[in-house]
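> Structure below; questions to follow.
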Amino acid sequence: MPALLIRLDHNPFHHGTLGAVRSLGRAGIEVHTLVESPASPVNRSRYLHRAHEWPSGGPSAALLFETLRRTAERIGRPAVLIPMDDVSAIAAGELAGRLSGAFLMPHQQPDLPQEVADKAQLAEVCRSAGVPHPLTVIPGSGAEAAAAAQDLGLPVIAKWSRPWLLPRATALRSTTLVRTADAARLLYEQTAQAGSPLLLQRRLSGGRGTDWFFHGYFGADPGCLVGGSGRKELSWPVGAGLTAVGTWLPNLEVEAAARQLAERLDYRGILDLDFRRDTATGTYHLLDFNPRPGAQFRLFTDRTGLDVVRALHLDLTGRPVAATRPVPGRIFVVENYALLSGLAAAAAARPWTAERPPRTGVRYRNAETAWFAADDPAPFSAMAAAWLGQGGRKGLRRLRPLLRPAPAR
């Protein structure tokens, strides 16, 4: 049975989509994509059967349904539908009933993907499930935002509840470090432009080795069929961005919290959870719940090649998912973002190489790069050419403040 990967987010450098194309294609599955542009580096992969193009116009529910219906006709037979970003996961959940027969998806409540992706609702979900979550305040005015920032203890983390609603042509970011009460007030005043409420969260004391994540697939039968925990060694942007270098490391607390939350929600499908360990208390707090594969999901590829995307395809097509054979110590490197993160760390006079794992007998090994693959080199070449022209300039703009000499004390 073929697979269709969809992504509504306009991100030509989304390496997770390429990872899914390669994973399924190497297993002999016919892979189709529906992404922002036929010129995407992802569509250069030799493992891609066909790239379908989005029609012009905004991604409304009606347009999405019609596009998927026509894509299903072109494919010619039922396919496994795999959303690769939050917007696609939310839309697919809402359209699941109307798309049955054309696409296979995990059976769960249609509004569950939006509930967990919404950062305001996630705070309530964690509270009811007993999973630690940073103290969060939803201010109702600019004055309340300034007061809440003071009460939480500056600096604080500011997040938009539904970041997928942020306009593309805006300087607003989904997550911002707010250093003053006045900055919190000014940020709140842009709520109408952001399209969703502003959240202020207490900043957890952290540092290197405190950011963790969990990827898993929960099938029709209760329980996690495939899953693992990993540590973020480098990120971009530094300290609050996506994983640039990650390591597969067992963490019983993170894994237990992830399973507890998924089972409480009766969650079905692939999930990607972000945690941070508060160094002051040692507690792991859930920061984000992504109802789809994380971009670094290929980190958790076992000795047989099984990952969460392959597990989803096996399970939905009625085939057994074998017990995983973990590879603790496995490394995943995103070449372009690791380069920027390494430069930023070097500018701050910090060693940029991955931190040594704890003394548990785990060794770094079996590294995989996000873009380069000897059996599929074309996407790397296309990414490098596009990124040096577009993404590289944007990355260097973010890097420039870090390269300036610090003011004398």
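Please note that chains go A, B, ... in the order of the structure tokens, that every chain numbers its residues from 1, and that ligands are numbered from 1 in the order shown.
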Got a sec: who's within 10 Å of Ala258 (chain A), counting only C-alpha atoms, leaving out chain neighbours fewer than 6 positions off, as a PyMOL selection string?
chain A and resi 131+213-216+224+227-229+252+264+271-275+286+289
> Apply DSSP to the backbone of this structure and, from region 121-358 of chain A, keep only the residues in strand (DSSP E); write these as a ChimeraX atom specification.
/A:136-137,156-160,175-178,198-202,211-218,224-236,242-248,269-277,284-290,330-333
> Write out as a list in words the residues lying within 9 Å of region 184-195 of chain A, counting only C-alpha atoms and excluding same-chain residues fewer than 3 positions away.
Pro139, Gly140, Ser141, Gly142, Ala143, Glu144, Ala145, Ala146, Ala147, Ala148, Ala149, Val156, Ala158, Trp160, Ser161, Arg162, Pro163, Leu165, Leu166, Pro167, Thr170, Leu172, Val178, Arg179, Thr180, Ala181, Leu198 and Leu200 of chain A
> Identify which of the residues A:Ile29, A:Ile75, A:Val226, A:Val334 lies closest to Gly16 (chain A), counting only C-alpha atoms when measuring atom-to-atom distances.
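Once distances to Gly16 (chain A) are computed over only C-alpha atoms, the minimum belongs to A:Val334.
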> Rounded to one decimal in Å, what is the spacing between CA of Arg268 (chain A) and CA of Ile331 (chain A)?
27.0 Å
> Which residues come within 8 Å of Trp248 (chain A), counting only C-alpha atoms, excluding same-chain residues fewer than 6 positions away, as a list in words?
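Final neighbour list, sorted by chain and number: Gly228, Ser229, Gly230, Arg231, Leu299, Phe300, Val327, Pro328, Gly329, Arg330 and Ile331 of chain A.
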> Using DSSP on the backbone, list every residue of region 155-275 of chain A that comes out as helix (DSSP H, G or I), and give them as a list in words.
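Selection result, helix (DSSP H, G or I) within region 155-275 of chain A: Pro163, Trp164, Leu165, Ala181, Asp182, Ala183, Ala184, Arg185, Leu186, Leu187, Tyr188, Thr191, Ala192, Gln193, Ala194, Leu252, Glu253, Val254, Glu255, Ala256, Ala257, Ala258, Arg259, Gln260, Leu261, Ala262, Glu263, Arg264 and Leu265 of chain A.
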> I'd like the neighbourhood of Ala61 (chain A) as a count of residues only, where a residue qualifies if any of its atoms comes within 12 Å (using only C-alpha atoms), though same-chain residues fewer than 3 positions away should be ignored.
18
> Applying 10 Å and only C-alpha atoms, which residues near Glu115 (chain A) remain after dropping the ones on its own chain fewer than 4 positions away? List them as a PyMOL selection string.
chain A and resi 90+110-111+119-122+124-125+289+291
> Go through A:Arg310, A:Ser40, A:Ala386, A:Gly219 one by one, measure the shortest atom-to-atom distance of each to Gly28 (chain A) using only C-alpha atoms, and give the residue with the smallest value.
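Residue with the minimum atom-to-atom distance to Gly28 (chain A): A:Arg310.
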